[in-house]
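For reference, the structure is listed below as structure tokens.
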Amino acid sequence: MLKAILNYQEIDRKLYQLERELAGSAERKKYAKLKKYMETASEKLDALDAKAEALKAELTTLEEKYAITAAALEEFDHLEELVENGGADLSFYKKKAMMHLDRMKKLKADIAALEDAVKATDKEYRELKAEVISKQAEYKTAKEEYNVLKESKEGEKAAIEAELKKAAVGIDANVLTVYKTKRKEKIFPVYSQLYSGRCSCCSMEPPLAAQNKLEGGATIECDHCHRILYK
Ligand SMILES: [Zn+2]
């Protein structure tokens with residue numbers, strides 16, 4: 001049983017190496033880098049878009065407040081008339097008018113700052129968008145080049161997979177499932193030999209009680225690297 005899965009692993013080693021070769025290729029690195037850039041830029045563009053929308057909404061609110069305050073101030077146009085007719089307290093009205101004016105000044109400054117922020121956000125958005133467009137061709141080429149490399153390995157890959165399928169015959173289904181699960185978790189080799197009382201992959205020393213189980217041909221899992229230990 002152990003012999004069969006170890007044989008399977010030896011065939012799988014070729015597939016693992018092929019995968020490593022692809023993953024480590026310049027084509028894949030270039031493609032992955034540009035892909036990451038595209039994704040990040042796309043997220044950033046969305047965020048800038050949302051930010052511009054929020055700023056514009058805030059700007060509308062402030063402009064409305066400004067208009068209301070300006071309308072309130074217009075009432076003071078007839079100030080002198082008011083004073084002459086009713087002898088009202090001039091300073092009271094003056095104070096009130098000044099209050100409105102101050103409020104308008106402050107609102108005006110806030111509006112100007114917001115307008116600047118909207119402009120800056122728009123500019124940032126446009127610049128990033130232009131950069132993304134300029135990189136699109138490069139991204140497309142990198143993707144194609146990586147695909148060409150991948151396709152060039154398809155034949156080899158299919159041959160190994162066929163070999164694996166044959167080697168899998170007679171291996172316990174549970175053993176194979178555990179193997180494949182660990183393999184998916186990028187653990188390779190999945191089966192690690194116990195050498196001088198240590199895991200030969202990570203050098204961890206399993207407890208003696210666990211090691212004793214190995215004597216009978218059973219397997220245990222390495223506590224450290226989670227490989228399947230055998231002796
Ligand atoms: Zn280990």
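Identifiers in the structure tokens: chain A, B, ... in order shown; residue index from 1 per chain; ligand index from 1 in order shown.
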Using only C-alpha atoms and all ligand atoms, which protein or nucleic acid residues are at most 10 Å from ligand 1, as a PDB file with N, CA, C and O atoms, in the first residue's frame?
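Now in selection-v6.pdb:
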```
ATOM      1  N   VAL A 190       4.176  14.981  -0.343  1.00  0.00           N
ATOM      2  CA  VAL A 190       3.136  14.770   0.674  1.00  0.00           C
ATOM      3  C   VAL A 190       3.631  13.749   1.704  1.00  0.00           C
ATOM      4  O   VAL A 190       3.430  13.922   2.895  1.00  0.00           O
ATOM      5  N   TYR A 191       4.321  12.720   1.198  1.00  0.00           N
ATOM      6  CA  TYR A 191       4.867  11.679   2.079  1.00  0.00           C
ATOM      7  C   TYR A 191       6.332  11.977   2.369  1.00  0.00           C
ATOM      8  O   TYR A 191       7.127  12.158   1.459  1.00  0.00           O
ATOM      9  N   SER A 192       6.634  12.053   3.647  1.00  0.00           N
ATOM     10  CA  SER A 192       8.002  12.357   4.043  1.00  0.00           C
ATOM     11  C   SER A 192       8.533  11.207   4.899  1.00  0.00           C
ATOM     12  O   SER A 192       7.859  10.733   5.812  1.00  0.00           O
ATOM     13  N   GLN A 193       9.746  10.784   4.585  1.00  0.00           N
ATOM     14  CA  GLN A 193      10.308   9.657   5.320  1.00  0.00           C
ATOM     15  C   GLN A 193      10.866  10.111   6.678  1.00  0.00           C
ATOM     16  O   GLN A 193      11.409  11.209   6.790  1.00  0.00           O
ATOM     17  N   LEU A 194      10.676   9.243   7.645  1.00  0.00           N
ATOM     18  CA  LEU A 194      11.284   9.518   8.949  1.00  0.00           C
ATOM     19  C   LEU A 194      12.751   9.081   8.847  1.00  0.00           C
ATOM     20  O   LEU A 194      13.045   7.931   8.530  1.00  0.00           O
ATOM     21  N   ARG A 198      13.638  11.837  12.632  1.00  0.00           N
ATOM     22  CA  ARG A 198      13.123  13.178  12.302  1.00  0.00           C
ATOM     23  C   ARG A 198      12.406  13.173  10.957  1.00  0.00           C
ATOM     24  O   ARG A 198      12.731  12.359  10.085  1.00  0.00           O
ATOM     25  N   CYS A 199      11.494  14.111  10.821  1.00  0.00           N
ATOM     26  CA  CYS A 199      10.830  14.304   9.531  1.00  0.00           C
ATOM     27  C   CYS A 199      11.904  14.777   8.554  1.00  0.00           C
ATOM     28  O   CYS A 199      12.586  15.766   8.833  1.00  0.00           O
ATOM     29  N   SER A 200      12.059  14.108   7.435  1.00  0.00           N
ATOM     30  CA  SER A 200      13.151  14.486   6.532  1.00  0.00           C
ATOM     31  C   SER A 200      12.856  15.781   5.775  1.00  0.00           C
ATOM     32  O   SER A 200      13.716  16.323   5.112  1.00  0.00           O
ATOM     33  N   CYS A 201      11.651  16.296   5.900  1.00  0.00           N
ATOM     34  CA  CYS A 201      11.341  17.562   5.222  1.00  0.00           C
ATOM     35  C   CYS A 201      11.525  18.777   6.134  1.00  0.00           C
ATOM     36  O   CYS A 201      11.989  19.813   5.692  1.00  0.00           O
ATOM     37  N   CYS A 202      11.150  18.636   7.402  1.00  0.00           N
ATOM     38  CA  CYS A 202      11.216  19.816   8.272  1.00  0.00           C
ATOM     39  C   CYS A 202      12.062  19.578   9.525  1.00  0.00           C
ATOM     40  O   CYS A 202      12.203  20.483  10.346  1.00  0.00           O
ATOM     41  N   SER A 203      12.613  18.355   9.671  1.00  0.00           N
ATOM     42  CA  SER A 203      13.491  18.015  10.800  1.00  0.00           C
ATOM     43  C   SER A 203      12.809  17.935  12.161  1.00  0.00           C
ATOM     44  O   SER A 203      13.460  17.848  13.188  1.00  0.00           O
ATOM     45  N   MET A 204      11.506  18.005  12.151  1.00  0.00           N
ATOM     46  CA  MET A 204      10.780  17.888  13.417  1.00  0.00           C
ATOM     47  C   MET A 204      10.879  16.442  13.938  1.00  0.00           C
ATOM     48  O   MET A 204      10.826  15.496  13.161  1.00  0.00           O
ATOM     49  N   GLU A 205      11.008  16.326  15.256  1.00  0.00           N
ATOM     50  CA  GLU A 205      11.126  14.998  15.857  1.00  0.00           C
ATOM     51  C   GLU A 205       9.786  14.596  16.457  1.00  0.00           C
ATOM     52  O   GLU A 205       9.378  15.153  17.482  1.00  0.00           O
ATOM     53  N   PRO A 206       9.120  13.635  15.864  1.00  0.00           N
ATOM     54  CA  PRO A 206       7.821  13.233  16.435  1.00  0.00           C
ATOM     55  C   PRO A 206       8.020  12.534  17.780  1.00  0.00           C
ATOM     56  O   PRO A 206       9.073  11.946  18.012  1.00  0.00           O
ATOM     57  N   GLU A 221       0.924  11.922  10.924  1.00  0.00           N
ATOM     58  CA  GLU A 221       1.101  13.232  10.310  1.00  0.00           C
ATOM     59  C   GLU A 221       2.130  14.023  11.094  1.00  0.00           C
ATOM     60  O   GLU A 221       2.125  14.011  12.328  1.00  0.00           O
ATOM     61  N   CYS A 222       3.035  14.673  10.383  1.00  0.00           N
ATOM     62  CA  CYS A 222       4.038  15.507  11.047  1.00  0.00           C
ATOM     63  C   CYS A 222       3.327  16.721  11.655  1.00  0.00           C
ATOM     64  O   CYS A 222       2.578  17.410  10.968  1.00  0.00           O
ATOM     65  N   ASP A 223       3.560  16.948  12.941  1.00  0.00           N
ATOM     66  CA  ASP A 223       2.889  18.057  13.636  1.00  0.00           C
ATOM     67  C   ASP A 223       3.317  19.413  13.087  1.00  0.00           C
ATOM     68  O   ASP A 223       2.585  20.388  13.189  1.00  0.00           O
ATOM     69  N   HIS A 224       4.503  19.449  12.542  1.00  0.00           N
ATOM     70  CA  HIS A 224       5.050  20.736  12.107  1.00  0.00           C
ATOM     71  C   HIS A 224       4.715  21.078  10.640  1.00  0.00           C
ATOM     72  O   HIS A 224       4.183  22.143  10.374  1.00  0.00           O
ATOM     73  N   CYS A 225       5.038  20.166   9.725  1.00  0.00           N
ATOM     74  CA  CYS A 225       4.833  20.507   8.305  1.00  0.00           C
ATOM     75  C   CYS A 225       3.602  19.808   7.716  1.00  0.00           C
ATOM     76  O   CYS A 225       3.270  20.028   6.559  1.00  0.00           O
ATOM     77  N   HIS A 226       2.931  19.008   8.533  1.00  0.00           N
ATOM     78  CA  HIS A 226       1.688  18.326   8.143  1.00  0.00           C
ATOM     79  C   HIS A 226       1.844  17.345   6.979  1.00  0.00           C
ATOM     80  O   HIS A 226       0.876  17.033   6.298  1.00  0.00           O
ATOM     81  N   ARG A 227       3.070  16.905   6.764  1.00  0.00           N
ATOM     82  CA  ARG A 227       3.271  15.852   5.758  1.00  0.00           C
ATOM     83  C   ARG A 227       2.943  14.516   6.419  1.00  0.00           C
ATOM     84  O   ARG A 227       2.867  14.417   7.653  1.00  0.00           O
ATOM     85  N   ILE A 228       2.762  13.518   5.576  1.00  0.00           N
ATOM     86  CA  ILE A 228       2.502  12.186   6.108  1.00  0.00           C
ATOM     87  C   ILE A 228       3.848  11.489   6.279  1.00  0.00           C
ATOM     88  O   ILE A 228       4.621  11.370   5.316  1.00  0.00           O
ATOM     89  N   LEU A 229       4.112  11.086   7.496  1.00  0.00           N
ATOM     90  CA  LEU A 229       5.398  10.455   7.788  1.00  0.00           C
ATOM     91  C   LEU A 229       5.299   8.940   7.640  1.00  0.00           C
ATOM     92  O   LEU A 229       4.307   8.329   8.039  1.00  0.00           O
TER      93      LEU A 229
END
```
Query raised in the report: What are the DSSP strand (DSSP E) residues of stretch 174-213 of chain A, as a PyMOL selection string?
Result: chain A and resi 191-195+198-199
Per residue of stretch 26-88 of chain A within 7 Å of stretch 140-163 of chain A, record the nearest atom pair and its distance in Å to one decimal, counting only C-alpha atoms, with rows in chain order and ascending residue number, as JSON lines.
```
{"residue": "A:Glu27", "atom": "CA", "partner": "A:Tyr146", "partner_atom": "CA", "distance": 5.1}
{"residue": "A:Arg28", "atom": "CA", "partner": "A:Tyr146", "partner_atom": "CA", "distance": 5.7}
{"residue": "A:Lys30", "atom": "CA", "partner": "A:Ala142", "partner_atom": "CA", "distance": 6.5}
{"residue": "A:Tyr31", "atom": "CA", "partner": "A:Ala142", "partner_atom": "CA", "distance": 5.0}
```
Please write the residues from the selection above to a file, keeping N, CA, C and O atoms, as a PDB file, in the first residue's frame.
```pdb
ATOM      1  N   GLU A  27       7.511  34.738 -17.734  1.00  0.00           N
ATOM      2  CA  GLU A  27       6.212  35.054 -18.349  1.00  0.00           C
ATOM      3  C   GLU A  27       5.117  35.161 -17.291  1.00  0.00           C
ATOM      4  O   GLU A  27       4.309  36.076 -17.307  1.00  0.00           O
ATOM      5  N   ARG A  28       5.133  34.189 -16.362  1.00  0.00           N
ATOM      6  CA  ARG A  28       4.104  34.160 -15.325  1.00  0.00           C
ATOM      7  C   ARG A  28       4.277  35.345 -14.354  1.00  0.00           C
ATOM      8  O   ARG A  28       3.312  35.967 -13.945  1.00  0.00           O
ATOM      9  N   LYS A  30       5.628  38.262 -14.960  1.00  0.00           N
ATOM     10  CA  LYS A  30       5.254  39.511 -15.613  1.00  0.00           C
ATOM     11  C   LYS A  30       3.725  39.626 -15.678  1.00  0.00           C
ATOM     12  O   LYS A  30       3.157  40.679 -15.383  1.00  0.00           O
ATOM     13  N   TYR A  31       3.099  38.521 -16.049  1.00  0.00           N
ATOM     14  CA  TYR A  31       1.639  38.499 -16.159  1.00  0.00           C
ATOM     15  C   TYR A  31       1.001  38.764 -14.793  1.00  0.00           C
ATOM     16  O   TYR A  31       0.087  39.586 -14.663  1.00  0.00           O
TER      17      TYR A  31
END
```
Requested in this report: Please identify all polymer residues within 10 Å of stretch 57-61 of chain A, counting only C-alpha atoms, omitting same-chain residues fewer than 6 positions from it, and present them as a PyMOL selection string.
Outcome: chain A and resi 51+110-115+118
Query - Within 9 Å of A:Gln211 using only C-alpha atoms, minus same-chain residues under 2 positions, as a ChimeraX atom specification - result: /A:194,197,205-209,213-215,220,231
Let me see the file: selected residues, all heavy atoms, as an mmCIF file, in the first residue's frame.
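Below is the file part11.cif, written as the result:
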```cif
data_model
loop_
_atom_site.group_PDB
_atom_site.id
_atom_site.type_symbol
_atom_site.label_atom_id
_atom_site.label_comp_id
_atom_site.auth_asym_id
_atom_site.auth_seq_id
_atom_site.Cartn_x
_atom_site.Cartn_y
_atom_site.Cartn_z
ATOM 1 N N LEU A 194 10.676 9.243 7.645
ATOM 2 C CA LEU A 194 11.284 9.518 8.949
ATOM 3 C C LEU A 194 12.751 9.081 8.847
ATOM 4 O O LEU A 194 13.045 7.931 8.530
ATOM 5 C CB LEU A 194 10.578 8.731 10.049
ATOM 6 C CG LEU A 194 10.987 9.148 11.463
ATOM 7 C CD1 LEU A 194 10.242 10.414 11.860
ATOM 8 C CD2 LEU A 194 10.699 8.039 12.470
ATOM 9 N N GLY A 197 14.882 9.472 13.140
ATOM 10 C CA GLY A 197 13.893 9.933 14.109
ATOM 11 C C GLY A 197 13.330 11.313 13.827
ATOM 12 O O GLY A 197 12.636 11.884 14.664
ATOM 13 N N GLU A 205 11.008 16.326 15.256
ATOM 14 C CA GLU A 205 11.126 14.998 15.857
ATOM 15 C C GLU A 205 9.786 14.596 16.457
ATOM 16 O O GLU A 205 9.378 15.153 17.482
ATOM 17 C CB GLU A 205 12.211 15.058 16.942
ATOM 18 C CG GLU A 205 12.882 13.743 17.196
ATOM 19 C CD GLU A 205 13.997 13.874 18.238
ATOM 20 O OE1 GLU A 205 14.579 14.971 18.350
ATOM 21 O OE2 GLU A 205 14.236 12.889 18.943
ATOM 22 N N PRO A 206 9.120 13.635 15.864
ATOM 23 C CA PRO A 206 7.821 13.233 16.435
ATOM 24 C C PRO A 206 8.020 12.534 17.780
ATOM 25 O O PRO A 206 9.073 11.946 18.012
ATOM 26 C CB PRO A 206 7.261 12.249 15.406
ATOM 27 C CG PRO A 206 8.141 12.326 14.212
ATOM 28 C CD PRO A 206 9.456 12.846 14.671
ATOM 29 N N PRO A 207 7.029 12.577 18.672
ATOM 30 C CA PRO A 207 7.137 11.884 19.963
ATOM 31 C C PRO A 207 7.359 10.384 19.756
ATOM 32 O O PRO A 207 6.915 9.840 18.734
ATOM 33 C CB PRO A 207 5.785 12.137 20.618
ATOM 34 C CG PRO A 207 5.060 13.087 19.763
ATOM 35 C CD PRO A 207 5.766 13.257 18.476
ATOM 36 N N LEU A 208 8.031 9.757 20.695
ATOM 37 C CA LEU A 208 8.378 8.334 20.552
ATOM 38 C C LEU A 208 7.148 7.449 20.340
ATOM 39 O O LEU A 208 7.172 6.522 19.533
ATOM 40 C CB LEU A 208 9.162 7.872 21.762
ATOM 41 C CG LEU A 208 10.668 8.191 21.685
ATOM 42 C CD1 LEU A 208 11.360 7.791 22.981
ATOM 43 C CD2 LEU A 208 11.322 7.481 20.496
ATOM 44 N N ALA A 209 6.079 7.749 21.072
ATOM 45 C CA ALA A 209 4.859 6.946 20.947
ATOM 46 C C ALA A 209 4.371 6.966 19.503
ATOM 47 O O ALA A 209 3.949 5.944 18.960
ATOM 48 C CB ALA A 209 3.789 7.491 21.875
ATOM 49 N N LYS A 213 4.384 3.810 16.192
ATOM 50 C CA LYS A 213 3.305 3.429 15.280
ATOM 51 C C LYS A 213 3.859 3.199 13.878
ATOM 52 O O LYS A 213 3.363 2.366 13.120
ATOM 53 C CB LYS A 213 2.265 4.560 15.204
ATOM 54 C CG LYS A 213 1.339 4.620 16.389
ATOM 55 C CD LYS A 213 0.255 5.645 16.123
ATOM 56 C CE LYS A 213 -0.457 5.991 17.423
ATOM 57 N NZ LYS A 213 -1.222 7.224 17.298
ATOM 58 N N LEU A 214 4.907 3.933 13.540
ATOM 59 C CA LEU A 214 5.489 3.828 12.202
ATOM 60 C C LEU A 214 6.147 2.475 11.963
ATOM 61 O O LEU A 214 6.235 2.013 10.827
ATOM 62 C CB LEU A 214 6.519 4.944 11.981
ATOM 63 C CG LEU A 214 5.969 6.372 11.941
ATOM 64 C CD1 LEU A 214 7.112 7.365 11.860
ATOM 65 C CD2 LEU A 214 5.066 6.566 10.739
ATOM 66 N N GLU A 215 6.596 1.874 13.060
ATOM 67 C CA GLU A 215 7.309 0.587 12.929
ATOM 68 C C GLU A 215 6.440 -0.456 12.241
ATOM 69 O O GLU A 215 6.928 -1.259 11.445
ATOM 70 C CB GLU A 215 7.744 0.065 14.306
ATOM 71 C CG GLU A 215 8.753 0.961 15.023
ATOM 72 C CD GLU A 215 10.065 1.133 14.262
ATOM 73 O OE1 GLU A 215 10.380 0.272 13.407
ATOM 74 O OE2 GLU A 215 10.765 2.130 14.516
ATOM 75 N N ILE A 220 1.893 8.520 10.179
ATOM 76 C CA ILE A 220 1.393 9.562 11.087
ATOM 77 C C ILE A 220 1.566 10.907 10.377
ATOM 78 O O ILE A 220 2.278 10.988 9.381
ATOM 79 C CB ILE A 220 2.170 9.582 12.434
ATOM 80 C CG1 ILE A 220 3.681 9.736 12.189
ATOM 81 C CG2 ILE A 220 1.872 8.354 13.263
ATOM 82 C CD1 ILE A 220 4.465 10.084 13.440
ATOM 83 N N LYS A 231 7.963 5.145 7.538
ATOM 84 C CA LYS A 231 9.304 4.647 7.823
ATOM 85 C C LYS A 231 9.627 3.461 6.918
ATOM 86 O O LYS A 231 8.746 2.627 6.657
ATOM 87 C CB LYS A 231 9.385 4.217 9.292
ATOM 88 C CG LYS A 231 10.815 4.166 9.778
ATOM 89 C CD LYS A 231 10.857 4.055 11.270
ATOM 90 C CE LYS A 231 12.312 3.885 11.715
ATOM 91 N NZ LYS A 231 12.417 3.665 13.147
#
```
Query raised in the report: Which residues in stretch 65-224 of chain A does DSSP call helix (DSSP H, G or I)? List them as a PyMOL selection string.
Result: chain A and resi 65-86+90-152+154-168+173-184+208-215
Got time to write the residues from that selection, C-alpha atoms, as a compact mmCIF listing (two decimals), in the first residue's frame?
```
# COMPACT_ATOMS: atom_id res chain seq x y z
CA LYS A 65 -27.00 76.45 2.89
CA TYR A 66 -25.21 79.40 1.35
CA ALA A 67 -28.27 80.30 -0.73
CA ILE A 68 -30.52 80.16 2.34
CA THR A 69 -28.16 82.40 4.31
CA ALA A 70 -27.90 84.85 1.41
CA ALA A 71 -31.69 85.02 1.19
CA ALA A 72 -31.89 85.72 4.92
CA LEU A 73 -29.41 88.53 4.55
CA GLU A 74 -31.50 90.17 1.83
CA GLU A 75 -34.13 90.95 4.44
CA PHE A 76 -31.71 93.42 5.96
CA ASP A 77 -31.75 95.52 2.78
CA HIS A 78 -34.63 97.45 4.25
CA LEU A 79 -32.83 98.06 7.48
CA GLU A 80 -32.95 101.87 7.35
CA GLU A 81 -36.63 101.83 6.48
CA LEU A 82 -37.25 99.63 9.46
CA VAL A 83 -35.37 101.92 11.78
CA GLU A 84 -37.07 105.08 10.51
CA ASN A 85 -40.57 103.67 10.74
CA GLY A 86 -40.44 101.77 13.96
CA LEU A 90 -30.32 99.33 14.96
CA SER A 91 -27.51 97.52 16.69
CA PHE A 92 -29.66 94.44 17.14
CA TYR A 93 -30.26 94.21 13.40
CA LYS A 94 -26.70 95.00 12.64
CA LYS A 95 -25.54 92.18 14.85
CA LYS A 96 -27.90 89.78 13.19
CA ALA A 97 -26.81 90.86 9.72
CA MET A 98 -23.16 90.45 10.70
CA MET A 99 -23.91 86.97 11.95
CA HIS A 100 -25.33 86.02 8.58
CA LEU A 101 -22.39 87.57 6.79
CA ASP A 102 -19.91 85.64 8.93
CA ARG A 103 -21.76 82.46 8.22
CA MET A 104 -21.65 83.19 4.50
CA LYS A 105 -17.92 83.87 4.61
CA LYS A 106 -17.26 80.61 6.34
CA LEU A 107 -19.51 78.70 3.95
CA LYS A 108 -17.77 80.32 1.00
CA ALA A 109 -14.38 79.16 2.27
CA ASP A 110 -15.70 75.64 2.87
CA ILE A 111 -17.20 75.58 -0.63
CA ALA A 112 -13.90 76.69 -2.17
CA ALA A 113 -12.02 73.96 -0.28
CA LEU A 114 -14.53 71.35 -1.41
CA GLU A 115 -14.31 72.51 -5.01
CA ASP A 116 -10.53 72.08 -4.83
CA ALA A 117 -10.96 68.59 -3.41
CA VAL A 118 -13.40 67.66 -6.19
CA LYS A 119 -10.96 68.95 -8.80
CA ALA A 120 -8.02 67.08 -7.23
CA THR A 121 -10.03 63.85 -7.08
CA ASP A 122 -11.13 64.22 -10.68
CA LYS A 123 -7.54 64.85 -11.74
CA GLU A 124 -6.28 61.80 -9.86
CA TYR A 125 -9.01 59.71 -11.46
CA ARG A 126 -8.24 60.90 -14.98
CA GLU A 127 -4.50 60.35 -14.56
CA LEU A 128 -4.91 56.84 -13.20
CA LYS A 129 -7.42 55.98 -15.91
CA ALA A 130 -4.95 57.15 -18.59
CA GLU A 131 -2.21 55.04 -16.98
CA VAL A 132 -4.46 51.97 -16.92
CA ILE A 133 -5.32 52.43 -20.60
CA SER A 134 -1.65 52.76 -21.50
CA LYS A 135 -0.87 49.52 -19.65
CA GLN A 136 -3.71 47.53 -21.14
CA ALA A 137 -1.80 46.51 -24.27
CA GLU A 138 1.17 45.40 -22.15
CA TYR A 139 -1.14 43.36 -19.93
CA LYS A 140 -2.80 41.69 -22.92
CA THR A 141 0.58 40.73 -24.41
CA ALA A 142 1.85 39.35 -21.11
CA LYS A 143 -1.30 37.28 -20.72
CA GLU A 144 -0.95 35.87 -24.23
CA GLU A 145 2.72 35.06 -23.73
CA TYR A 146 2.00 33.23 -20.50
CA ASN A 147 -0.82 31.29 -22.16
CA VAL A 148 1.50 30.28 -25.00
CA LEU A 149 4.00 28.95 -22.46
CA LYS A 150 1.25 27.13 -20.56
CA GLU A 151 -0.11 25.57 -23.72
CA SER A 152 3.37 24.43 -24.73
CA GLU A 154 -0.08 20.86 -22.03
CA GLY A 155 1.12 17.72 -23.82
CA GLU A 156 3.67 16.93 -21.14
CA LYS A 157 1.10 17.61 -18.44
CA ALA A 158 -1.50 15.34 -20.02
CA ALA A 159 1.06 12.53 -20.31
CA ILE A 160 1.94 12.76 -16.60
CA GLU A 161 -1.72 12.90 -15.65
CA ALA A 162 -2.41 9.75 -17.65
CA GLU A 163 0.51 8.07 -15.88
CA LEU A 164 -0.90 9.18 -12.52
CA LYS A 165 -4.30 7.79 -13.36
CA LYS A 166 -2.75 4.40 -14.03
CA ALA A 167 -0.68 4.53 -10.87
CA ALA A 168 -3.77 5.39 -8.83
CA ALA A 173 -9.55 5.93 -2.13
CA ASN A 174 -9.13 7.58 1.28
CA VAL A 175 -5.36 7.55 1.00
CA LEU A 176 -5.59 9.15 -2.41
CA THR A 177 -8.06 11.78 -1.21
CA VAL A 178 -5.82 12.78 1.68
CA TYR A 179 -2.86 12.92 -0.71
CA LYS A 180 -4.71 15.11 -3.19
CA THR A 181 -6.00 17.43 -0.47
CA LYS A 182 -2.51 18.04 0.87
CA ARG A 183 -1.17 18.46 -2.63
CA LYS A 184 -3.79 21.15 -3.24
CA LEU A 208 8.38 8.33 20.55
CA ALA A 209 4.86 6.95 20.95
CA ALA A 210 4.03 8.27 17.49
CA GLN A 211 7.27 6.94 16.07
CA ASN A 212 6.44 3.47 17.38
CA LYS A 213 3.31 3.43 15.28
CA LEU A 214 5.49 3.83 12.20
CA GLU A 215 7.31 0.59 12.93
```
